[in-house]
file run.pdb (PDB, C-alpha atoms and all ligand atoms)
ATOM      1  CA  MET A   1       4.820  25.057  25.235
ATOM      2  CA  LYS A   2       7.022  22.959  23.009
ATOM      3  CA  GLU A   3       7.010  21.688  19.476
ATOM      4  CA  MET A   4       7.083  18.134  18.292
ATOM      5  CA  VAL A   5       8.714  17.585  14.907
ATOM      6  CA  LEU A   6       7.619  14.376  13.222
ATOM      7  CA  GLN A   7       9.936  13.225  10.489
ATOM      8  CA  THR A   8       9.307  10.923   7.571
ATOM      9  CA  LYS A   9      12.118   9.259   5.675
ATOM     10  CA  VAL A  10      11.365   8.292   2.095
ATOM     11  CA  VAL A  11      13.940   6.781  -0.260
ATOM     12  CA  VAL A  12      13.440   8.184  -3.751
ATOM     13  CA  CYS A  13      14.774   6.062  -6.582
ATOM     14  CA  ALA A  14      14.152   4.904 -10.119
ATOM     15  CA  TYR A  15      12.407   1.582 -10.722
ATOM     16  CA  GLU A  16      15.703   0.212 -12.068
ATOM     17  CA  GLU A  17      17.375   0.932  -8.734
ATOM     18  CA  LEU A  18      14.941  -1.190  -6.709
ATOM     19  CA  MET A  19      16.170  -4.494  -5.249
ATOM     20  CA  PRO A  20      15.037  -7.512  -7.323
ATOM     21  CA  GLU A  21      12.701  -8.674  -4.507
ATOM     22  CA  ASP A  22      11.064  -5.237  -4.418
ATOM     23  CA  LYS A  23      10.784  -5.130  -8.217
ATOM     24  CA  GLU A  24       8.892  -8.405  -8.070
ATOM     25  CA  VAL A  25       6.232  -6.958  -5.739
ATOM     26  CA  VAL A  26       6.066  -3.717  -7.733
ATOM     27  CA  ASP A  27       5.621  -5.672 -10.974
ATOM     28  CA  ALA A  28       2.756  -7.603  -9.381
ATOM     29  CA  ALA A  29       1.104  -4.306  -8.380
ATOM     30  CA  ARG A  30       1.574  -2.930 -11.898
ATOM     31  CA  ALA A  31       0.096  -6.090 -13.402
ATOM     32  CA  ALA A  32      -2.823  -5.919 -10.965
ATOM     33  CA  THR A  33      -3.959  -2.594 -12.469
ATOM     34  CA  ALA A  34      -5.203  -4.670 -15.424
ATOM     35  CA  ASN A  35      -7.809  -6.308 -13.143
ATOM     36  CA  SER A  36      -9.020  -3.047 -11.657
ATOM     37  CA  TYR A  37     -12.753  -2.353 -11.956
ATOM     38  CA  ALA A  38     -12.661   1.429 -12.252
ATOM     39  CA  VAL A  39     -15.495   2.161 -14.646
ATOM     40  CA  TYR A  40     -16.407   5.378 -12.811
ATOM     41  CA  SER A  41     -13.064   7.012 -12.019
ATOM     42  CA  LYS A  42     -11.052   5.378 -14.840
ATOM     43  CA  PHE A  43      -8.260   5.385 -12.280
ATOM     44  CA  ASN A  44      -6.846   1.879 -12.182
ATOM     45  CA  VAL A  45      -4.927   1.058  -9.034
ATOM     46  CA  GLY A  46      -3.017  -2.143  -8.349
ATOM     47  CA  ALA A  47      -1.472  -3.316  -5.106
ATOM     48  CA  ALA A  48       0.595  -6.345  -4.158
ATOM     49  CA  VAL A  49       1.979  -7.712  -0.934
ATOM     50  CA  ARG A  50       4.796 -10.098  -0.180
ATOM     51  CA  LEU A  51       3.935 -12.295   2.763
ATOM     52  CA  GLU A  52       6.159 -14.188   5.143
ATOM     53  CA  GLY A  53       7.318 -17.269   3.260
ATOM     54  CA  GLY A  54       7.522 -15.327  -0.006
ATOM     55  CA  VAL A  55       3.988 -15.602  -1.374
ATOM     56  CA  ILE A  56       2.947 -12.556  -3.403
ATOM     57  CA  VAL A  57      -0.743 -11.639  -3.432
ATOM     58  CA  LYS A  58      -2.176  -8.904  -5.619
ATOM     59  CA  GLY A  59      -5.418  -6.943  -5.892
ATOM     60  CA  SER A  60      -6.967  -3.847  -7.434
ATOM     61  CA  ASN A  61      -9.596  -1.205  -6.787
ATOM     62  CA  GLN A  62     -13.161  -2.381  -7.254
ATOM     63  CA  GLU A  63     -15.742   0.338  -7.782
ATOM     64  CA  ASN A  64     -19.496   0.389  -7.426
ATOM     65  CA  ALA A  65     -22.346   2.538  -8.783
ATOM     66  CA  ALA A  66     -23.004   3.353  -5.130
ATOM     67  CA  TYR A  67     -19.577   4.996  -4.922
ATOM     68  CA  PRO A  68     -18.730   4.463  -1.226
ATOM     69  CA  SER A  69     -19.344   0.731  -1.623
ATOM     70  CA  GLY A  70     -16.212   0.391  -3.758
ATOM     71  CA  LEU A  71     -12.850  -0.460  -2.255
ATOM     72  CA  CYS A  72      -9.276   0.703  -2.864
ATOM     73  CA  ALA A  73      -6.637  -1.632  -4.237
ATOM     74  CA  GLU A  74      -4.660  -1.608  -0.990
ATOM     75  CA  ARG A  75      -7.544  -2.734   1.199
ATOM     76  CA  THR A  76      -8.783  -5.267  -1.369
ATOM     77  CA  THR A  77      -5.292  -6.760  -1.380
ATOM     78  CA  LEU A  78      -4.632  -6.684   2.362
ATOM     79  CA  PHE A  79      -8.044  -8.105   3.247
ATOM     80  CA  TRP A  80      -7.696 -10.843   0.645
ATOM     81  CA  ALA A  81      -4.168 -11.695   1.774
ATOM     82  CA  ASN A  82      -5.107 -11.715   5.452
ATOM     83  CA  SER A  83      -8.212 -13.793   4.847
ATOM     84  CA  GLN A  84      -6.362 -16.385   2.761
ATOM     85  CA  TYR A  85      -3.111 -16.436   4.762
ATOM     86  CA  PRO A  86      -4.075 -15.338   8.279
ATOM     87  CA  ASP A  87      -0.850 -16.700   9.766
ATOM     88  CA  ARG A  88       1.567 -14.943   7.423
ATOM     89  CA  ALA A  89       2.781 -11.451   8.211
ATOM     90  CA  VAL A  90       2.763  -8.839   5.462
ATOM     91  CA  LEU A  91       6.358  -7.826   4.744
ATOM     92  CA  THR A  92       6.092  -5.538   1.719
ATOM     93  CA  LEU A  93       3.270  -3.597   0.076
ATOM     94  CA  ALA A  94       3.603  -2.064  -3.389
ATOM     95  CA  ILE A  95       1.126   0.289  -5.062
ATOM     96  CA  ALA A  96       0.878   1.320  -8.721
ATOM     97  CA  ALA A  97      -1.730   3.094 -10.834
ATOM     98  CA  ARG A  98      -2.575   3.986 -14.390
ATOM     99  CA  THR A  99      -5.137   6.065 -16.204
ATOM    100  CA  GLU A 100      -6.172   6.100 -19.855
ATOM    101  CA  ASN A 101      -2.869   7.940 -20.463
ATOM    102  CA  GLY A 102      -0.793   5.085 -19.060
ATOM    103  CA  GLU A 103       1.079   4.486 -15.818
ATOM    104  CA  LEU A 104       1.446   7.427 -13.439
ATOM    105  CA  ALA A 105       4.776   9.221 -13.573
ATOM    106  CA  MET A 106       4.733  10.070  -9.871
ATOM    107  CA  PRO A 107       4.289   7.534  -7.077
ATOM    108  CA  ILE A 108       0.734   6.891  -5.951
ATOM    109  CA  PRO A 109       0.276   7.242  -2.190
ATOM    110  CA  PRO A 110      -2.355   5.285  -0.234
ATOM    111  CA  CYS A 111      -5.485   7.111   0.940
ATOM    112  CA  GLY A 112      -6.118   7.780   4.621
ATOM    113  CA  ALA A 113      -8.469   4.835   5.142
ATOM    114  CA  CYS A 114      -5.939   2.463   3.582
ATOM    115  CA  ARG A 115      -3.191   3.885   5.828
ATOM    116  CA  GLN A 116      -5.326   2.997   8.839
ATOM    117  CA  VAL A 117      -5.750  -0.565   7.552
ATOM    118  CA  ILE A 118      -2.016  -0.854   6.868
ATOM    119  CA  LEU A 119      -1.430   0.240  10.477
ATOM    120  CA  GLU A 120      -3.783  -2.423  11.809
ATOM    121  CA  THR A 121      -1.994  -5.044   9.684
ATOM    122  CA  GLU A 122       1.365  -4.016  11.134
ATOM    123  CA  LYS A 123      -0.071  -4.277  14.656
ATOM    124  CA  ARG A 124      -1.729  -7.598  13.921
ATOM    125  CA  TYR A 125       1.520  -9.263  12.889
ATOM    126  CA  ASN A 126       3.833  -7.051  14.918
ATOM    127  CA  ARG A 127       5.887  -6.373  11.782
ATOM    128  CA  THR A 128       6.772  -3.163  10.013
ATOM    129  CA  ILE A 129       5.565  -3.186   6.410
ATOM    130  CA  ARG A 130       7.957  -1.932   3.751
ATOM    131  CA  ILE A 131       5.862   0.295   1.473
ATOM    132  CA  ILE A 132       6.837   0.927  -2.143
ATOM    133  CA  LEU A 133       4.984   3.533  -4.186
ATOM    134  CA  TYR A 134       5.572   3.152  -7.898
ATOM    135  CA  GLY A 135       5.822   5.850 -10.544
ATOM    136  CA  THR A 136       7.454   5.611 -13.958
ATOM    137  CA  ARG A 137       9.614   8.675 -13.210
ATOM    138  CA  GLU A 138      10.441   7.749  -9.644
ATOM    139  CA  CYS A 139       9.533   5.396  -6.834
ATOM    140  CA  TYR A 140       9.244   6.061  -3.102
ATOM    141  CA  VAL A 141      10.398   3.389  -0.689
ATOM    142  CA  VAL A 142       9.128   3.832   2.852
ATOM    143  CA  GLU A 143      11.297   1.534   4.904
ATOM    144  CA  ASP A 144       9.999   2.540   8.343
ATOM    145  CA  GLY A 145       6.459   1.367   7.723
ATOM    146  CA  ILE A 146       3.151   3.127   8.149
ATOM    147  CA  LYS A 147       4.217   5.394  11.017
ATOM    148  CA  ALA A 148       6.109   7.405   8.406
ATOM    149  CA  LEU A 149       2.904   7.987   6.412
ATOM    150  CA  LEU A 150       0.474   8.134   9.324
ATOM    151  CA  PRO A 151       2.021   9.929  12.289
ATOM    152  CA  LEU A 152       0.129  10.257  15.599
ATOM    153  CA  THR A 153      -1.738   7.076  14.814
ATOM    154  CA  PHE A 154      -4.885   5.881  16.513
ATOM    155  CA  ASP A 155      -4.764   2.210  17.358
ATOM    156  CA  ALA A 156      -6.370  -0.272  19.730
ATOM    157  CA  SER A 157      -4.044   0.705  22.589
ATOM    158  CA  PHE A 158      -6.140   3.860  23.193
ATOM    159  CA  LEU A 159      -9.308   1.810  23.635
ATOM    160  CA  ASN A 160      -7.988   0.267  26.806
ATOM    161  CA  GLU A 161      -6.692   3.414  28.492
TER     162      GLU A 161
HETATM  163  N1  LIG A 201      -7.849   4.349  -5.049
HETATM  164  C1  LIG A 201      -7.130   3.264  -4.678
HETATM  165  O1  LIG A 201      -7.445   2.123  -5.033
HETATM  166  N2  LIG A 201      -6.050   3.464  -3.894
HETATM  167  C2  LIG A 201      -5.582   4.680  -3.513
HETATM  168  O2  LIG A 201      -4.603   4.742  -2.783
HETATM  169  C3  LIG A 201      -6.257   5.911  -3.972
HETATM  170  C4  LIG A 201      -7.560   5.706  -4.651
HETATM  171  C5  LIG A 201      -9.009   4.138  -5.931
HETATM  172  C6  LIG A 201     -10.349   4.388  -5.306
HETATM  173  C7  LIG A 201     -11.176   4.688  -6.524
HETATM  174  O3  LIG A 201     -11.592   3.475  -7.113
HETATM  175  C8  LIG A 201     -10.207   5.358  -7.490
HETATM  176  O4  LIG A 201      -8.918   4.999  -7.039
HETATM  177  C9  LIG A 201     -10.324   6.882  -7.562
HETATM  178  O5  LIG A 201     -10.249   7.437  -6.287
END
call {"tool": "encode", "arguments": {"input": "run.pdb", "output": "structure tokens", "more": "lines below"}}
Ligand code: THU
result
Amino acid sequence: MKEMVLQTKVVVCAYEELMPEDKEVVDAARAATANSYAVYSKFNVGAAVRLEGGVIVKGSNQENAAYPSGLCAERTTLFWANSQYPDRAVLTLAIAARTENGELAMPIPPCGACRQVILETEKRYNRTIRIILYGTRECYVVEDGIKALLPLTFDASFLNE
């Protein structure tokens, strides 16, 4: 028997310490919370991606009275970006959220389903996505892409074994 230790590196920093290019994507995600349709949870999430070539696309969570029919900000954004710019790899993804009390102090992490979609996007373009989770108190920068947040991933390679 042996153990496998899976490590995740996360850079913790203040918003002010982010690189200007990262701030730009984070600001887009923060702004996107204003377009969130979160009438049920009152939890407004915004996401933004920087694509190859520099375009920034943003999106937000969109809820539904039939709860499971709603979609998270991350998937709304990635699906929109990939459907509008299918030939441009996703380079950076930023996520931000606010409630009725304002922006969250701690970084908001993506849910499991969104992690799986982020993984597929990395595979699709064969590029690691830099993931930035925004909080007013601190931000997390995941430089190594989704494998840091979703270890032991399931992807299409298993389908062909
Ligand atoms: N939500 C997101 O948009 N992204 C996340 O990473 C976590 C959760 C949304 C889904 C739902 O509209 C609301 O936040 C509460 O779960």
call {"tool": "closest_residue", "arguments": {"input": "run.pdb", "among": "A:Asp27, A:Ala48, A:Ala97, A:Gln7", "to": "ligand LIG 201 (chain A)", "atoms": "only C-alpha atoms and all ligand atoms"}}
result
A:Ala97
call {"tool": "axis_aligned_box", "arguments": {"input": "run.pdb", "around": "range 81-99 of chain A", "padding_each_side": "3 Å", "output": "lines of an AutoDock Vina configuration file"}}
result
center_x = -0.9
center_y = -5.3
center_z = -3.2
size_x = 20.6
size_y = 28.8
size_z = 32.0
call {"tool": "closest_atom_pairs", "arguments": {"input": "run.pdb", "of": "chain A", "to": "ligand LIG 201 (chain A)", "cutoff": "10 Å", "atoms": "only C-alpha atoms and all ligand atoms", "output": "Markdown table"}}
result
| residue | atom | partner | partner_atom | distance |
| --- | --- | --- | --- | --- |
| A:Thr33 | CA | A:LIG201 | O1 | 9.5 |
| A:Ser36 | CA | A:LIG201 | O3 | 8.4 |
| A:Tyr37 | CA | A:LIG201 | O3 | 7.7 |
| A:Ala38 | CA | A:LIG201 | O3 | 5.6 |
| A:Val39 | CA | A:LIG201 | O3 | 8.6 |
| A:Tyr40 | CA | A:LIG201 | O3 | 7.7 |
| A:Ser41 | CA | A:LIG201 | C9 | 5.2 |
| A:Lys42 | CA | A:LIG201 | C8 | 7.4 |
| A:Phe43 | CA | A:LIG201 | C8 | 5.2 |
| A:Asn44 | CA | A:LIG201 | O4 | 6.4 |
| A:Val45 | CA | A:LIG201 | O1 | 4.8 |
| A:Gly46 | CA | A:LIG201 | O1 | 7.0 |
| A:Ala47 | CA | A:LIG201 | O1 | 8.1 |
| A:Gly59 | CA | A:LIG201 | O1 | 9.3 |
| A:Ser60 | CA | A:LIG201 | O1 | 6.5 |
| A:Asn61 | CA | A:LIG201 | O1 | 4.3 |
| A:Gln62 | CA | A:LIG201 | O3 | 6.1 |
| A:Glu63 | CA | A:LIG201 | O3 | 5.2 |
| A:Asn64 | CA | A:LIG201 | O3 | 8.5 |
| A:Tyr67 | CA | A:LIG201 | O3 | 8.4 |
| A:Pro68 | CA | A:LIG201 | C7 | 9.2 |
| A:Ser69 | CA | A:LIG201 | O3 | 9.9 |
| A:Gly70 | CA | A:LIG201 | O3 | 6.5 |
| A:Leu71 | CA | A:LIG201 | C6 | 6.3 |
| A:Cys72 | CA | A:LIG201 | O1 | 3.2 |
| A:Ala73 | CA | A:LIG201 | O1 | 3.9 |
| A:Glu74 | CA | A:LIG201 | N2 | 6.0 |
| A:Arg75 | CA | A:LIG201 | O1 | 7.9 |
| A:Thr76 | CA | A:LIG201 | O1 | 8.4 |
| A:Thr77 | CA | A:LIG201 | O1 | 9.8 |
| A:Ile95 | CA | A:LIG201 | O2 | 7.6 |
| A:Ala96 | CA | A:LIG201 | N2 | 8.7 |
| A:Ala97 | CA | A:LIG201 | N2 | 8.2 |
| A:Arg98 | CA | A:LIG201 | O4 | 9.8 |
| A:Thr99 | CA | A:LIG201 | O4 | 10.0 |
| A:Ile108 | CA | A:LIG201 | O2 | 6.6 |
| A:Pro109 | CA | A:LIG201 | O2 | 5.5 |
| A:Pro110 | CA | A:LIG201 | O2 | 3.4 |
| A:Cys111 | CA | A:LIG201 | O2 | 4.5 |
| A:Gly112 | CA | A:LIG201 | O2 | 8.1 |
| A:Ala113 | CA | A:LIG201 | O2 | 8.8 |
| A:Cys114 | CA | A:LIG201 | O2 | 6.9 |
| A:Arg115 | CA | A:LIG201 | O2 | 8.8 |
| A:Leu133 | CA | A:LIG201 | O2 | 9.8 |
call {"tool": "resolve_selection", "arguments": {"input": "run.pdb", "expression": "the PyMOL selection byres (((chain A and resi 134) around 12) and not hetatm)", "output": "tab-separated table (two decimals) with C-alpha atoms, in the coordinates of the input"}}
result
chain	number	residue	atom	x	y	z
A	11	VAL	CA	13.94	6.78	-0.26
A	12	VAL	CA	13.44	8.18	-3.75
A	13	CYS	CA	14.77	6.06	-6.58
A	14	ALA	CA	14.15	4.90	-10.12
A	15	TYR	CA	12.41	1.58	-10.72
A	16	GLU	CA	15.70	0.21	-12.07
A	18	LEU	CA	14.94	-1.19	-6.71
A	22	ASP	CA	11.06	-5.24	-4.42
A	23	LYS	CA	10.78	-5.13	-8.22
A	25	VAL	CA	6.23	-6.96	-5.74
A	26	VAL	CA	6.07	-3.72	-7.73
A	27	ASP	CA	5.62	-5.67	-10.97
A	28	ALA	CA	2.76	-7.60	-9.38
A	29	ALA	CA	1.10	-4.31	-8.38
A	30	ARG	CA	1.57	-2.93	-11.90
A	45	VAL	CA	-4.93	1.06	-9.03
A	46	GLY	CA	-3.02	-2.14	-8.35
A	47	ALA	CA	-1.47	-3.32	-5.11
A	48	ALA	CA	0.60	-6.34	-4.16
A	93	LEU	CA	3.27	-3.60	0.08
A	94	ALA	CA	3.60	-2.06	-3.39
A	95	ILE	CA	1.13	0.29	-5.06
A	96	ALA	CA	0.88	1.32	-8.72
A	97	ALA	CA	-1.73	3.09	-10.83
A	98	ARG	CA	-2.58	3.99	-14.39
A	103	GLU	CA	1.08	4.49	-15.82
A	104	LEU	CA	1.45	7.43	-13.44
A	105	ALA	CA	4.78	9.22	-13.57
A	106	MET	CA	4.73	10.07	-9.87
A	107	PRO	CA	4.29	7.53	-7.08
A	108	ILE	CA	0.73	6.89	-5.95
A	109	PRO	CA	0.28	7.24	-2.19
A	110	PRO	CA	-2.36	5.28	-0.23
A	131	ILE	CA	5.86	0.30	1.47
A	132	ILE	CA	6.84	0.93	-2.14
A	133	LEU	CA	4.98	3.53	-4.19
A	135	GLY	CA	5.82	5.85	-10.54
A	136	THR	CA	7.45	5.61	-13.96
A	137	ARG	CA	9.61	8.68	-13.21
A	138	GLU	CA	10.44	7.75	-9.64
A	139	CYS	CA	9.53	5.40	-6.83
A	140	TYR	CA	9.24	6.06	-3.10
A	141	VAL	CA	10.40	3.39	-0.69
A	142	VAL	CA	9.13	3.83	2.85
call {"tool": "atom_distance", "arguments": {"input": "run.pdb", "atom1": "CA of Leu51 in chain A", "atom2": "CA of Arg88 in chain A"}}
result
5.9 Å
call {"tool": "decode", "arguments": {"input": "run.pdb", "residues": "range 10-43 of chain A", "atoms": "N, CA and C atoms", "output": "mmCIF file, in the first residue's frame"}}
result
data_model
loop_
_atom_site.group_PDB
_atom_site.id
_atom_site.type_symbol
_atom_site.label_atom_id
_atom_site.label_comp_id
_atom_site.auth_asym_id
_atom_site.auth_seq_id
_atom_site.Cartn_x
_atom_site.Cartn_y
_atom_site.Cartn_z
ATOM 1 N N VAL A 10 -1.978 27.698 -4.084
ATOM 2 C CA VAL A 10 -2.848 28.862 -4.269
ATOM 3 C C VAL A 10 -2.078 30.095 -3.796
ATOM 4 N N VAL A 11 -2.004 31.111 -4.628
ATOM 5 C CA VAL A 11 -1.370 32.366 -4.216
ATOM 6 C C VAL A 11 -2.446 33.226 -3.554
ATOM 7 N N VAL A 12 -2.187 33.625 -2.329
ATOM 8 C CA VAL A 12 -3.146 34.450 -1.588
ATOM 9 C C VAL A 12 -2.631 35.880 -1.602
ATOM 10 N N CYS A 13 -3.466 36.801 -2.036
ATOM 11 C CA CYS A 13 -3.002 38.195 -2.087
ATOM 12 C C CYS A 13 -4.186 39.144 -1.948
ATOM 13 N N ALA A 14 -3.874 40.398 -1.777
ATOM 14 C CA ALA A 14 -4.927 41.422 -1.749
ATOM 15 C C ALA A 14 -5.225 41.837 -3.189
ATOM 16 N N TYR A 15 -6.408 42.340 -3.414
ATOM 17 C CA TYR A 15 -6.796 42.811 -4.753
ATOM 18 C C TYR A 15 -5.738 43.767 -5.311
ATOM 19 N N GLU A 16 -5.245 44.651 -4.451
ATOM 20 C CA GLU A 16 -4.268 45.665 -4.877
ATOM 21 C C GLU A 16 -2.972 45.040 -5.386
ATOM 22 N N GLU A 17 -2.694 43.824 -4.942
ATOM 23 C CA GLU A 17 -1.450 43.161 -5.350
ATOM 24 C C GLU A 17 -1.560 42.420 -6.679
ATOM 25 N N LEU A 18 -2.771 42.310 -7.218
ATOM 26 C CA LEU A 18 -2.950 41.605 -8.490
ATOM 27 C C LEU A 18 -2.273 42.369 -9.619
ATOM 28 N N MET A 19 -1.838 41.653 -10.656
ATOM 29 C CA MET A 19 -1.285 42.300 -11.852
ATOM 30 C C MET A 19 -2.420 43.069 -12.540
ATOM 31 N N PRO A 20 -2.097 44.180 -13.217
ATOM 32 C CA PRO A 20 -3.143 44.977 -13.871
ATOM 33 C C PRO A 20 -4.026 44.152 -14.803
ATOM 34 N N GLU A 21 -3.444 43.192 -15.531
ATOM 35 C CA GLU A 21 -4.245 42.371 -16.465
ATOM 36 C C GLU A 21 -5.235 41.493 -15.695
ATOM 37 N N ASP A 22 -4.807 41.026 -14.513
ATOM 38 C CA ASP A 22 -5.700 40.199 -13.697
ATOM 39 C C ASP A 22 -6.795 41.063 -13.074
ATOM 40 N N LYS A 23 -6.408 42.271 -12.647
ATOM 41 C CA LYS A 23 -7.399 43.193 -12.063
ATOM 42 C C LYS A 23 -8.526 43.458 -13.056
ATOM 43 N N GLU A 24 -8.142 43.585 -14.319
ATOM 44 C CA GLU A 24 -9.119 43.891 -15.362
ATOM 45 C C GLU A 24 -10.180 42.777 -15.453
ATOM 46 N N VAL A 25 -9.738 41.532 -15.394
ATOM 47 C CA VAL A 25 -10.685 40.407 -15.476
ATOM 48 C C VAL A 25 -11.515 40.334 -14.183
ATOM 49 N N VAL A 26 -10.859 40.554 -13.060
ATOM 50 C CA VAL A 26 -11.570 40.545 -11.773
ATOM 51 C C VAL A 26 -12.625 41.656 -11.757
ATOM 52 N N ASP A 27 -12.270 42.829 -12.227
ATOM 53 C CA ASP A 27 -13.226 43.946 -12.242
ATOM 54 C C ASP A 27 -14.435 43.617 -13.124
ATOM 55 N N ALA A 28 -14.176 42.918 -14.219
ATOM 56 C CA ALA A 28 -15.287 42.514 -15.102
ATOM 57 C C ALA A 28 -16.200 41.534 -14.362
ATOM 58 N N ALA A 29 -15.603 40.611 -13.612
ATOM 59 C CA ALA A 29 -16.411 39.646 -12.842
ATOM 60 C C ALA A 29 -17.217 40.367 -11.764
ATOM 61 N N ARG A 30 -16.594 41.333 -11.104
ATOM 62 C CA ARG A 30 -17.300 42.095 -10.067
ATOM 63 C C ARG A 30 -18.467 42.865 -10.685
ATOM 64 N N ALA A 31 -18.208 43.481 -11.830
ATOM 65 C CA ALA A 31 -19.262 44.248 -12.507
ATOM 66 C C ALA A 31 -20.395 43.326 -12.947
ATOM 67 N N ALA A 32 -20.031 42.103 -13.337
ATOM 68 C CA ALA A 32 -21.037 41.159 -13.848
ATOM 69 C C ALA A 32 -22.038 40.756 -12.771
ATOM 70 N N THR A 33 -21.681 40.884 -11.499
ATOM 71 C CA THR A 33 -22.633 40.523 -10.434
ATOM 72 C C THR A 33 -23.897 41.392 -10.529
ATOM 73 N N ALA A 34 -23.770 42.567 -11.135
ATOM 74 C CA ALA A 34 -24.921 43.468 -11.261
ATOM 75 C C ALA A 34 -25.971 42.900 -12.218
ATOM 76 N N ASN A 35 -25.553 42.003 -13.120
ATOM 77 C CA ASN A 35 -26.479 41.426 -14.103
ATOM 78 C C ASN A 35 -26.965 40.041 -13.703
ATOM 79 N N SER A 36 -26.594 39.628 -12.493
ATOM 80 C CA SER A 36 -27.011 38.323 -12.005
ATOM 81 C C SER A 36 -28.531 38.309 -11.819
ATOM 82 N N TYR A 37 -29.138 37.170 -12.145
ATOM 83 C CA TYR A 37 -30.573 36.981 -11.870
ATOM 84 C C TYR A 37 -30.650 35.947 -10.762
ATOM 85 N N ALA A 38 -30.649 36.454 -9.519
ATOM 86 C CA ALA A 38 -30.571 35.564 -8.351
ATOM 87 C C ALA A 38 -31.712 35.866 -7.398
ATOM 88 N N VAL A 39 -32.927 35.869 -7.958
ATOM 89 C CA VAL A 39 -34.096 36.244 -7.161
ATOM 90 C C VAL A 39 -34.407 35.239 -6.061
ATOM 91 N N TYR A 40 -33.924 33.999 -6.197
ATOM 92 C CA TYR A 40 -34.219 32.975 -5.199
ATOM 93 C C TYR A 40 -33.145 32.908 -4.119
ATOM 94 N N SER A 41 -31.892 32.873 -4.521
ATOM 95 C CA SER A 41 -30.814 32.732 -3.522
ATOM 96 C C SER A 41 -30.340 34.090 -3.014
ATOM 97 N N LYS A 42 -30.570 35.155 -3.802
ATOM 98 C CA LYS A 42 -30.035 36.483 -3.478
ATOM 99 C C LYS A 42 -28.499 36.436 -3.371
ATOM 100 N N PHE A 43 -27.934 35.491 -4.085
ATOM 101 C CA PHE A 43 -26.480 35.321 -4.082
ATOM 102 C C PHE A 43 -26.014 35.625 -5.509
#
